[in-house]
Protein chains: 2
Amino acid sequence: MPTQPATRPDLTRIHEAVAAELEEVERRIQAQMATYQGTVGDLMGHVARFAGKRLRPSVCVLAGKAVGTVNTVHYDVAVVAEMIHTATLVHDDVLDGADTRRNLPSVNTRWGTEVSVLFGDYLFAKAFALCASIPNRDVLLTMAETAKVMCLGELLQNVHRFNFALTEQDYVDIVQRKTAHLFGSCAELGALASGCDPETREAMREFGNAVGIAFQIVDDHLDLIGDEAEVGKTLGTDLDKGKITLPLIGLFERLDEKRRREVQALIADPKAAGKRGQVVALIEAQGLRDFALDRADGYVAAAKARLAVLPRSAFREALESLADYVIARRK
Amino acid sequence: MPTQPATRPDLTRIHEAVAAELEEVERRIQAQMATYQGTVGDLMGHVARFAGKRLRPSVCVLAGKAVGTVNTVHYDVAVVAEMIHTATLVHDDVLDGADTRRNLPSVNTRWGTEVSVLFGDYLFAKAFALCASIPNRDVLLTMAETAKVMCLGELLQNVHRFNFALTEQDYVDIVQRKTAHLFGSCAELGALASGCDPETREAMREFGNAVGIAFQIVDDHLDLIGDEAEVGKTLGTDLDKGKITLPLIGLFERLDEKRRREVQALIADPKAAGKRGQVVALIEAQGLRDFALDRADGYVAAAKARLAVLPRSAFREALESLADYVIARRK
């Protein structure tokens with residue numbers, strides 16, 4: 001069973017440590033989305049309301065404050081990160097045929113596939129143009145590389161749908177690219193922009209990476225095992241789409257070959273009804289309900305260990321709480 | 001009837017003026033596509049074979065040679081331009097449900113919608129990462145802005161599908177963003193990277209813009225009126241998709257209200273059979289077969305006039321021929 005921190009980390013308190021900075025990030029994100037008219041204005045207004053937990057900006061700003069002071073580079077990284085993230089969400093929802101995103105209709109539900117693809121492209125290009133304006137070359141190159149790595153991760157994930165031979169290492173490699181690299185860049189660049197030493201830079205990259213892997217493991221766990229009303233978005237799409245996530249990999253390892261082939265045939269059958277319930281029941285019967293969460297725990301522990309490189313401060317504590325939060329979160 | 005140049009411009013001869021430079025561009029494009037394995041390697045290999053007319057690299061390199069010497073910035077701009085262009089083609093083919101691209105199966109035909117969307121994203125991000133590595137900040141910012149403008153143009157075009165109130169100016173504004181801006185950037189940056197003065201820089205931007213508008217007008221004309229076997233890609237998709245292009249705008253202007261509404265109802269009817277044939281017959285009956293080509297002629301003439309800013313040379317002549325080619329091309 002995963003070890004839970006004694007008190008459940010409260011995202012509000014984490015955000016409070018950098019409230020003024022996150023307000024500035026929010027103001028800049030909203031400014032990027034404003035000034036449009038007609039349908040493009042409606043689209044921008046819609047995704048502006050998607051405003052999620054702003055975890056990536058929080059990581060960036062907290063890393064900066066933990067090392068020194070926050071400057072415009074932090075804001076640029078935070079806004080670019082959030083816009084790239086939003087662009088990938090818009091395309092993810094198209095591909096997953098998801099109805100709901102953060103309790104709002106997804107862009108594809110409201111405007112259809114074509115507009116969603118092109119609007120995602122536009123958000124991505126907007127993020128690119130903002131990124132290009134960052135005067136710090138090191139930061140610009142890192143964010144550009146991150147965008148590339150993320151897209152490759154998304155592509156690899158899709159290419160490996162229904163690949164029942166996917167190992168835990170393959171899964172982690174994909175998640176590293178798709179999700180963790182951006183968290184790593186936010187942590188690394190946040191510290192770098194405040195003038196950290198190379199050792200801290202590397203440690204913060206590793207902190208962000210590990211947090212990002214844990215975050216995605218939990219996300220995938222919830223998609224298979226979570227409750228839709230609690231999580232606030234369409235769930236179960238991974239299984240329908242043949243996305244092989246950690247609970248499934250754990251299950252395949254436990255079952256004998258005959259049983260494994262039966263479950264894989266069930267997952268591969270587009271007409272099988274009640275698939276998710278059956279698979280979850282099997283996972284629970286094997287005592288694997290918390291299998292993925294245990295793995296996520298390991299990444300969070302590794303992430304928190306890397307924070308030892310930072311001097312003690314309220315910001316370092318908030319980064320620890322943020323790492324705990326990615327496991328504790330249920331929505 | 002559009003004025004045709006006395007001898008039909010031959011793209012081979014245009015390319016010969018900068019053969020060594022285009023070979024270098026080609027080598028660099030292929031290098032960007034290499035080093036991948038598995039499905040991603042197959043995808044890269046496939047789009048590497050899409051190799052089109054390389055008009056944008058030609059514009060960039062010719063502009064450079066017309067002003068001075070060619071350096072790595074020209075190659076960076078040319079490769080980035082071609083990769084952004086390829087990414088938009090991959091997404092266009094998904095949205096149009098096109099089967100064929102340059103006489104090859106489209107990516108969506110071979111790998112499906114999801115892979116096509118994500119692979120287009122990845123190509124785009126790769127172009128972005130390459131662009132970010134350009135040491136010349138002016139060039140980097142211009143290309144980033146171009147990517148953004150292009151995506152907005154694509155989005156606006158889609159949003160205005162079946163908008164029968166679209167004027168010729170609206171159409172040109174969309175085409176300017178979607179297609180011409182990139183041609184403009186290639187011409188401007190090609191000249192700039194060879195050390196041109198501000199007047200030449202502006203003239204070359206205008207040359208590229210006008211060539212780009214003419215290019216897209218011809219493309220849209222061919223989609224409605226061209227021959228599929230000659231053009232080498234799926235045609236008629238604009239009409240099915242409700243994309244309002246110049247021949248239609250001309251037709252709507254000529255018809256009385258009753259007849260116009262009937263034609264618009266035909267275009268809007270998803271079940272209407274033989275739509276393309278009927279619409280083309282109406283366009284021809286109104287003497288509008290060359291309406292769009294006449295407009296393209298005007299843009300080409302304007303483009304060529306701007307070349308007066310350059311000293312006379314084989315490269316300036318090749319740029320003139322390239323402008324003529326965008327009208328003369330039939331595939």
# chains A, B, ... in the order shown; residues from 1 in each chain; ligands from 1
>>> residues_around(residues="Leu307 of chain A", least_positions_apart="2", cutoff="10 Å", atoms="only C-alpha atoms", output="mmCIF file with C-alpha atoms, in the first residue's frame")
data_model
loop_
_atom_site.group_PDB
_atom_site.id
_atom_site.type_symbol
_atom_site.label_atom_id
_atom_site.label_comp_id
_atom_site.auth_asym_id
_atom_site.auth_seq_id
_atom_site.Cartn_x
_atom_site.Cartn_y
_atom_site.Cartn_z
ATOM 1 C CA ALA A 63 12.525 26.306 -8.013
ATOM 2 C CA ALA A 66 14.218 28.222 -3.584
ATOM 3 C CA THR A 200 21.670 22.234 -8.409
ATOM 4 C CA ALA A 203 19.369 17.913 -9.290
ATOM 5 C CA MET A 204 16.372 20.099 -10.139
ATOM 6 C CA GLU A 206 15.993 15.116 -11.898
ATOM 7 C CA PHE A 207 13.467 16.350 -9.327
ATOM 8 C CA ALA A 302 13.517 9.971 -5.370
ATOM 9 C CA ALA A 303 12.321 13.452 -6.345
ATOM 10 C CA LYS A 304 12.215 14.665 -2.751
ATOM 11 C CA ALA A 305 15.690 13.262 -2.090
ATOM 12 C CA VAL A 309 20.695 20.183 -2.826
ATOM 13 C CA LEU A 310 18.582 23.251 -1.990
ATOM 14 C CA PRO A 311 18.921 25.299 1.215
ATOM 15 C CA ARG A 312 16.025 24.798 3.628
ATOM 16 C CA ARG A 316 11.822 23.842 -0.758
ATOM 17 C CA GLU A 317 9.063 22.619 1.563
ATOM 18 C CA LEU A 319 8.326 21.659 -3.672
ATOM 19 C CA GLU A 320 8.257 18.640 -1.339
#
>>> residues_around(residues="Gly120 of chain B", least_positions_apart="6", cutoff="9 Å", atoms="only C-alpha atoms", output="number ranges by chain")
B: 86-91
>>> write_last_selection(atoms="N, CA and C atoms", output="short mmCIF file (atom, residue, chain, number, x, y, z; two decimals), in the first residue's frame")
data_model
loop_
_atom_site.label_atom_id
_atom_site.label_comp_id
_atom_site.auth_asym_id
_atom_site.auth_seq_id
_atom_site.Cartn_x
_atom_site.Cartn_y
_atom_site.Cartn_z
N THR B 86 5.97 20.74 -44.62
CA THR B 86 5.64 19.30 -44.60
C THR B 86 4.68 18.98 -43.45
N ALA B 87 4.92 19.58 -42.29
CA ALA B 87 4.04 19.35 -41.13
C ALA B 87 2.61 19.79 -41.46
N THR B 88 2.47 20.95 -42.11
CA THR B 88 1.12 21.43 -42.43
C THR B 88 0.47 20.53 -43.48
N LEU B 89 1.27 19.98 -44.40
CA LEU B 89 0.70 19.05 -45.40
C LEU B 89 0.13 17.80 -44.72
N VAL B 90 0.88 17.28 -43.74
CA VAL B 90 0.43 16.07 -43.04
C VAL B 90 -0.92 16.35 -42.36
N HIS B 91 -1.03 17.49 -41.69
CA HIS B 91 -2.30 17.82 -41.02
C HIS B 91 -3.40 18.15 -42.04
#
>>> closest_atom_pairs(of="chain B", to="chain A", cutoff="9 Å", atoms="only C-alpha atoms", output="tab-separated table")
residue	atom	partner	partner_atom	distance
B:Thr39	CA	A:Val159	CA	7.1
B:Val40	CA	A:Leu156	CA	7.7
B:His91	CA	A:Val117	CA	7.8
B:Val94	CA	A:Glu114	CA	8.7
B:Leu95	CA	A:Glu114	CA	5.9
B:Thr113	CA	A:Leu95	CA	8.2
B:Glu114	CA	A:Leu95	CA	5.8
B:Val115	CA	A:Leu155	CA	6.6
B:Val117	CA	A:Val117	CA	7.3
B:Leu118	CA	A:Leu155	CA	5.4
B:Phe119	CA	A:Leu155	CA	6.3
B:Asp121	CA	A:Cys151	CA	6.2
B:Tyr122	CA	A:Cys151	CA	4.9
B:Leu123	CA	A:Lys148	CA	8.4
B:Phe124	CA	A:Lys148	CA	8.3
B:Ala125	CA	A:Lys148	CA	4.8
B:Lys126	CA	A:Lys148	CA	5.6
B:Ala127	CA	A:Lys148	CA	8.8
B:Phe128	CA	A:Ala144	CA	6.4
B:Ala129	CA	A:Ala144	CA	4.8
B:Leu130	CA	A:Ala144	CA	8.4
B:Cys131	CA	A:Ala132	CA	8.7
B:Ala132	CA	A:Leu141	CA	6.0
B:Ser133	CA	A:Leu141	CA	6.7
B:Pro135	CA	A:Arg137	CA	9.0
B:Arg137	CA	A:Ala132	CA	8.5
B:Leu140	CA	A:Ala132	CA	6.8
B:Leu141	CA	A:Ala132	CA	6.0
B:Thr142	CA	A:Ala129	CA	9.0
B:Met143	CA	A:Ala129	CA	8.5
B:Ala144	CA	A:Ala129	CA	4.8
B:Glu145	CA	A:Ala129	CA	5.7
B:Thr146	CA	A:Ala129	CA	8.7
B:Ala147	CA	A:Ala125	CA	5.9
B:Lys148	CA	A:Ala125	CA	4.8
B:Val149	CA	A:Tyr122	CA	8.4
B:Met150	CA	A:Tyr122	CA	8.3
B:Cys151	CA	A:Tyr122	CA	4.9
B:Leu152	CA	A:Tyr122	CA	5.9
B:Glu154	CA	A:Leu118	CA	6.7
B:Leu155	CA	A:Leu118	CA	5.4
B:Leu156	CA	A:Val40	CA	7.7
B:Asn158	CA	A:Val115	CA	6.7
B:Val159	CA	A:Thr39	CA	7.1
>>> write_last_selection(atoms="C-alpha atoms", output="PDB file, in the first residue's frame")
ATOM      1  CA  THR B  39       7.341   3.193 -37.108  1.00  0.00           C
ATOM      2  CA  VAL B  40       8.740   6.692 -36.581  1.00  0.00           C
ATOM      3  CA  HIS B  91      -2.305  17.822 -41.025  1.00  0.00           C
ATOM      4  CA  VAL B  94      -5.889  14.409 -42.291  1.00  0.00           C
ATOM      5  CA  LEU B  95      -8.471  17.187 -42.327  1.00  0.00           C
ATOM      6  CA  THR B 113      -5.682   9.890 -38.202  1.00  0.00           C
ATOM      7  CA  GLU B 114      -4.118   9.645 -34.762  1.00  0.00           C
ATOM      8  CA  VAL B 115      -0.594   8.927 -35.953  1.00  0.00           C
ATOM      9  CA  VAL B 117      -1.957  14.294 -36.062  1.00  0.00           C
ATOM     10  CA  LEU B 118       0.855  13.357 -33.677  1.00  0.00           C
ATOM     11  CA  PHE B 119       3.444  12.931 -36.414  1.00  0.00           C
ATOM     12  CA  ASP B 121       2.989  17.777 -34.320  1.00  0.00           C
ATOM     13  CA  TYR B 122       6.355  16.103 -34.091  1.00  0.00           C
ATOM     14  CA  LEU B 123       7.522  17.443 -37.479  1.00  0.00           C
ATOM     15  CA  PHE B 124       6.399  20.874 -36.388  1.00  0.00           C
ATOM     16  CA  ALA B 125       8.279  20.600 -33.087  1.00  0.00           C
ATOM     17  CA  LYS B 126      11.373  19.343 -34.918  1.00  0.00           C
ATOM     18  CA  ALA B 127      11.214  22.393 -37.177  1.00  0.00           C
ATOM     19  CA  PHE B 128      10.837  24.536 -34.058  1.00  0.00           C
ATOM     20  CA  ALA B 129      13.877  22.972 -32.377  1.00  0.00           C
ATOM     21  CA  LEU B 130      15.964  23.486 -35.515  1.00  0.00           C
ATOM     22  CA  CYS B 131      14.697  27.054 -35.787  1.00  0.00           C
ATOM     23  CA  ALA B 132      15.598  27.693 -32.136  1.00  0.00           C
ATOM     24  CA  SER B 133      19.198  26.739 -32.928  1.00  0.00           C
ATOM     25  CA  PRO B 135      22.082  31.926 -34.019  1.00  0.00           C
ATOM     26  CA  ARG B 137      17.889  36.312 -33.577  1.00  0.00           C
ATOM     27  CA  LEU B 140      14.664  33.052 -35.502  1.00  0.00           C
ATOM     28  CA  LEU B 141      11.962  35.558 -34.528  1.00  0.00           C
ATOM     29  CA  THR B 142      10.766  35.933 -38.119  1.00  0.00           C
ATOM     30  CA  MET B 143      10.442  32.179 -38.641  1.00  0.00           C
ATOM     31  CA  ALA B 144       8.664  31.752 -35.288  1.00  0.00           C
ATOM     32  CA  GLU B 145       6.226  34.520 -36.200  1.00  0.00           C
ATOM     33  CA  THR B 146       5.715  32.877 -39.604  1.00  0.00           C
ATOM     34  CA  ALA B 147       4.806  29.538 -38.032  1.00  0.00           C
ATOM     35  CA  LYS B 148       2.240  31.302 -35.854  1.00  0.00           C
ATOM     36  CA  VAL B 149       0.751  33.291 -38.730  1.00  0.00           C
ATOM     37  CA  MET B 150       0.501  30.130 -40.884  1.00  0.00           C
ATOM     38  CA  CYS B 151      -1.370  28.206 -38.202  1.00  0.00           C
ATOM     39  CA  LEU B 152      -3.741  31.124 -37.677  1.00  0.00           C
ATOM     40  CA  GLU B 154      -5.150  27.475 -41.476  1.00  0.00           C
ATOM     41  CA  LEU B 155      -7.496  27.911 -38.527  1.00  0.00           C
ATOM     42  CA  LEU B 156      -9.280  30.915 -40.048  1.00  0.00           C
ATOM     43  CA  ASN B 158     -11.361  26.202 -41.513  1.00  0.00           C
ATOM     44  CA  VAL B 159     -13.560  28.461 -39.408  1.00  0.00           C
TER      45      VAL B 159
END
>>> residues_around(residues="Leu11 of chain B", least_positions_apart="4", cutoff="8 Å", atoms="only C-alpha atoms", output="compact mmCIF listing (two decimals) with N, CA and C atoms, in the first residue's frame")
# COMPACT_ATOMS: atom_id res chain seq x y z
N HIS B 15 16.04 25.57 -60.93
CA HIS B 15 16.82 24.85 -59.92
C HIS B 15 18.30 24.81 -60.28
N LEU B 322 10.67 31.73 -61.55
CA LEU B 322 9.97 31.01 -60.49
C LEU B 322 8.57 31.64 -60.29
N TYR B 325 6.53 30.49 -63.01
CA TYR B 325 6.24 29.06 -62.87
C TYR B 325 5.00 28.80 -62.02
>>> select_by_dssp(residues="segment 13-259 of chain B", states="helix (DSSP H, G or I)", output="short mmCIF file (atom, residue, chain, number, x, y, z; two decimals) with C-alpha atoms, in the first residue's frame")
data_model
loop_
_atom_site.label_atom_id
_atom_site.label_comp_id
_atom_site.auth_asym_id
_atom_site.auth_seq_id
_atom_site.Cartn_x
_atom_site.Cartn_y
_atom_site.Cartn_z
CA ARG B 13 16.37 25.37 -65.22
CA ILE B 14 15.38 27.49 -62.22
CA HIS B 15 16.82 24.85 -59.92
CA GLU B 16 20.00 24.64 -62.00
CA ALA B 19 21.87 23.34 -57.98
CA ALA B 20 24.73 22.96 -55.50
CA GLU B 21 22.87 24.95 -52.83
CA LEU B 22 19.65 22.97 -53.28
CA GLU B 23 21.62 19.73 -53.02
CA GLU B 24 22.94 20.94 -49.70
CA VAL B 25 19.39 21.82 -48.58
CA GLU B 26 18.25 18.35 -49.64
CA ARG B 27 21.11 16.69 -47.79
CA ARG B 28 20.18 18.60 -44.63
CA ILE B 29 16.46 17.79 -44.95
CA GLN B 30 17.25 14.10 -45.40
CA ALA B 31 19.62 14.24 -42.39
CA GLN B 32 16.74 15.63 -40.30
CA MET B 33 14.58 12.70 -41.37
CA GLY B 38 10.59 1.50 -36.18
CA THR B 39 7.34 3.19 -37.11
CA VAL B 40 8.74 6.69 -36.58
CA GLY B 41 11.53 5.79 -39.02
CA ASP B 42 8.94 4.58 -41.54
CA LEU B 43 6.97 7.82 -41.14
CA MET B 44 10.08 9.96 -41.62
CA GLY B 45 11.13 7.92 -44.64
CA HIS B 46 7.67 8.33 -46.11
CA VAL B 47 7.51 12.13 -45.83
CA ALA B 48 11.14 12.41 -46.96
CA LEU B 55 9.97 26.16 -54.06
CA ARG B 56 10.50 27.77 -50.66
CA PRO B 57 14.16 26.69 -50.38
CA SER B 58 14.66 27.86 -53.99
CA VAL B 59 13.24 31.29 -53.16
CA CYS B 60 15.48 31.59 -50.10
CA VAL B 61 18.68 30.51 -51.82
CA LEU B 62 18.01 32.49 -55.01
CA ALA B 63 17.30 35.62 -52.96
CA GLY B 64 20.60 35.10 -51.18
CA LYS B 65 22.59 34.57 -54.38
CA ALA B 66 20.91 37.56 -56.03
CA VAL B 67 22.25 39.75 -53.20
CA THR B 72 24.38 28.44 -43.13
CA VAL B 73 21.51 30.81 -42.27
CA HIS B 74 20.05 30.23 -45.75
CA TYR B 75 20.20 26.49 -45.21
CA ASP B 76 18.61 26.75 -41.79
CA VAL B 77 15.77 28.91 -43.14
CA ALA B 78 15.27 26.61 -46.14
CA VAL B 79 15.16 23.43 -44.05
CA VAL B 80 12.91 24.94 -41.37
CA ALA B 81 10.56 26.30 -44.05
CA GLU B 82 10.33 22.92 -45.77
CA MET B 83 9.77 21.07 -42.49
CA ILE B 84 7.02 23.45 -41.35
CA HIS B 85 5.48 23.11 -44.80
CA THR B 86 5.64 19.30 -44.60
CA ALA B 87 4.04 19.35 -41.13
CA THR B 88 1.12 21.43 -42.43
CA LEU B 89 0.70 19.05 -45.40
CA VAL B 90 0.43 16.07 -43.04
CA HIS B 91 -2.30 17.82 -41.02
CA ASP B 92 -4.04 19.16 -44.16
CA ASP B 93 -4.29 15.63 -45.53
CA VAL B 94 -5.89 14.41 -42.29
CA LEU B 95 -8.47 17.19 -42.33
CA ASP B 96 -9.19 16.81 -46.03
CA VAL B 107 0.22 9.63 -44.06
CA ASN B 108 -3.40 9.27 -42.90
CA THR B 109 -4.15 6.67 -45.57
CA ARG B 110 -1.21 4.57 -44.43
CA TRP B 111 -1.11 5.16 -40.66
CA GLY B 112 -4.51 6.63 -39.73
CA THR B 113 -5.68 9.89 -38.20
CA GLU B 114 -4.12 9.65 -34.76
CA VAL B 115 -0.59 8.93 -35.95
CA SER B 116 -0.95 11.65 -38.60
CA VAL B 117 -1.96 14.29 -36.06
CA LEU B 118 0.85 13.36 -33.68
CA PHE B 119 3.44 12.93 -36.41
CA GLY B 120 2.51 16.36 -37.83
CA ASP B 121 2.99 17.78 -34.32
CA TYR B 122 6.35 16.10 -34.09
CA LEU B 123 7.52 17.44 -37.48
CA PHE B 124 6.40 20.87 -36.39
CA ALA B 125 8.28 20.60 -33.09
CA LYS B 126 11.37 19.34 -34.92
CA ALA B 127 11.21 22.39 -37.18
CA PHE B 128 10.84 24.54 -34.06
CA ALA B 129 13.88 22.97 -32.38
CA LEU B 130 15.96 23.49 -35.52
CA CYS B 131 14.70 27.05 -35.79
CA ALA B 132 15.60 27.69 -32.14
CA ARG B 137 17.89 36.31 -33.58
CA ASP B 138 16.18 38.33 -36.31
CA VAL B 139 15.84 35.17 -38.42
CA LEU B 140 14.66 33.05 -35.50
CA LEU B 141 11.96 35.56 -34.53
CA THR B 142 10.77 35.93 -38.12
CA MET B 143 10.44 32.18 -38.64
CA ALA B 144 8.66 31.75 -35.29
CA GLU B 145 6.23 34.52 -36.20
CA THR B 146 5.71 32.88 -39.60
CA ALA B 147 4.81 29.54 -38.03
CA LYS B 148 2.24 31.30 -35.85
CA VAL B 149 0.75 33.29 -38.73
CA MET B 150 0.50 30.13 -40.88
CA CYS B 151 -1.37 28.21 -38.20
CA LEU B 152 -3.74 31.12 -37.68
CA GLY B 153 -4.37 31.20 -41.44
CA GLU B 154 -5.15 27.48 -41.48
CA LEU B 155 -7.50 27.91 -38.53
CA LEU B 156 -9.28 30.92 -40.05
CA GLN B 157 -9.70 29.07 -43.33
CA ASN B 158 -11.36 26.20 -41.51
CA VAL B 159 -13.56 28.46 -39.41
CA GLU B 168 -12.16 38.29 -52.18
CA GLN B 169 -10.29 40.42 -49.60
CA ASP B 170 -11.13 37.93 -46.81
CA TYR B 171 -9.88 35.13 -49.05
CA VAL B 172 -6.62 36.96 -49.81
CA ASP B 173 -6.10 37.74 -46.10
CA ILE B 174 -6.38 34.04 -45.26
CA VAL B 175 -4.08 32.99 -48.13
CA GLN B 176 -1.60 35.68 -47.10
CA ARG B 177 -1.34 34.07 -43.66
CA LYS B 178 -1.66 30.44 -44.63
CA THR B 179 0.73 30.36 -47.59
CA ALA B 180 2.27 33.68 -48.57
CA HIS B 181 3.87 34.63 -45.27
CA LEU B 182 6.29 31.69 -45.47
CA PHE B 183 7.26 32.54 -49.07
CA GLY B 184 7.74 36.14 -47.92
CA SER B 185 9.98 35.05 -45.05
CA CYS B 186 12.08 32.82 -47.32
CA ALA B 187 12.65 35.67 -49.77
CA GLU B 188 13.24 38.31 -47.09
CA LEU B 189 15.53 36.21 -44.92
CA GLY B 190 17.43 34.85 -47.92
CA ALA B 191 18.29 38.41 -48.94
CA LEU B 192 18.86 39.54 -45.34
CA ALA B 193 21.26 36.69 -44.59
CA PRO B 198 16.45 47.54 -45.66
CA GLU B 199 14.83 48.55 -48.97
CA THR B 200 15.81 45.25 -50.59
CA ARG B 201 14.67 43.36 -47.53
CA GLU B 202 11.20 44.89 -47.76
CA ALA B 203 11.00 44.43 -51.53
CA MET B 204 11.94 40.75 -51.21
CA ARG B 205 9.31 40.20 -48.50
CA GLU B 206 6.74 41.69 -50.88
CA PHE B 207 8.05 39.57 -53.77
CA GLY B 208 7.66 36.40 -51.70
CA ASN B 209 4.23 37.40 -50.42
CA ALA B 210 2.91 38.07 -53.92
CA VAL B 211 4.39 34.81 -55.27
CA GLY B 212 2.84 32.96 -52.35
CA ILE B 213 -0.61 34.44 -52.92
CA ALA B 214 -0.40 33.57 -56.62
CA PHE B 215 0.77 30.06 -55.74
CA GLN B 216 -2.20 29.42 -53.45
CA ILE B 217 -4.70 30.95 -55.89
CA VAL B 218 -3.45 28.52 -58.56
CA ASP B 219 -3.54 25.63 -56.09
CA ASP B 220 -7.15 26.41 -55.20
CA HIS B 221 -8.03 26.87 -58.88
CA LEU B 222 -6.57 23.45 -59.69
CA ASP B 223 -8.41 21.82 -56.78
CA LEU B 224 -11.70 22.97 -58.27
CA ILE B 225 -10.96 22.87 -61.99
CA GLU B 228 -6.31 14.69 -60.67
CA ALA B 229 -3.88 12.58 -62.70
CA GLU B 230 -2.02 15.70 -63.85
CA VAL B 231 -1.88 17.40 -60.45
CA THR B 237 -11.78 18.33 -51.51
CA ASP B 238 -12.13 22.12 -51.15
CA LEU B 239 -15.67 22.01 -52.49
CA ASP B 240 -16.62 19.02 -50.34
CA LEU B 246 -11.60 32.54 -55.69
CA PRO B 247 -13.48 30.86 -58.57
CA LEU B 248 -16.49 30.45 -56.28
CA ILE B 249 -16.30 34.02 -55.00
CA GLY B 250 -16.21 35.20 -58.64
CA LEU B 251 -19.16 32.99 -59.48
CA PHE B 252 -21.24 34.21 -56.51
CA GLU B 253 -20.60 37.81 -57.62
CA ARG B 254 -21.88 37.11 -61.13
CA GLU B 257 -29.50 36.27 -55.76
CA LYS B 258 -31.87 33.42 -56.58
CA ARG B 259 -29.32 31.50 -58.65
#
>>> select_by_dssp(residues="segment 98-195 of chain B", states="strand (DSSP E or B)", output="PyMOL selection string")
chain B and resi 100-101+104-105
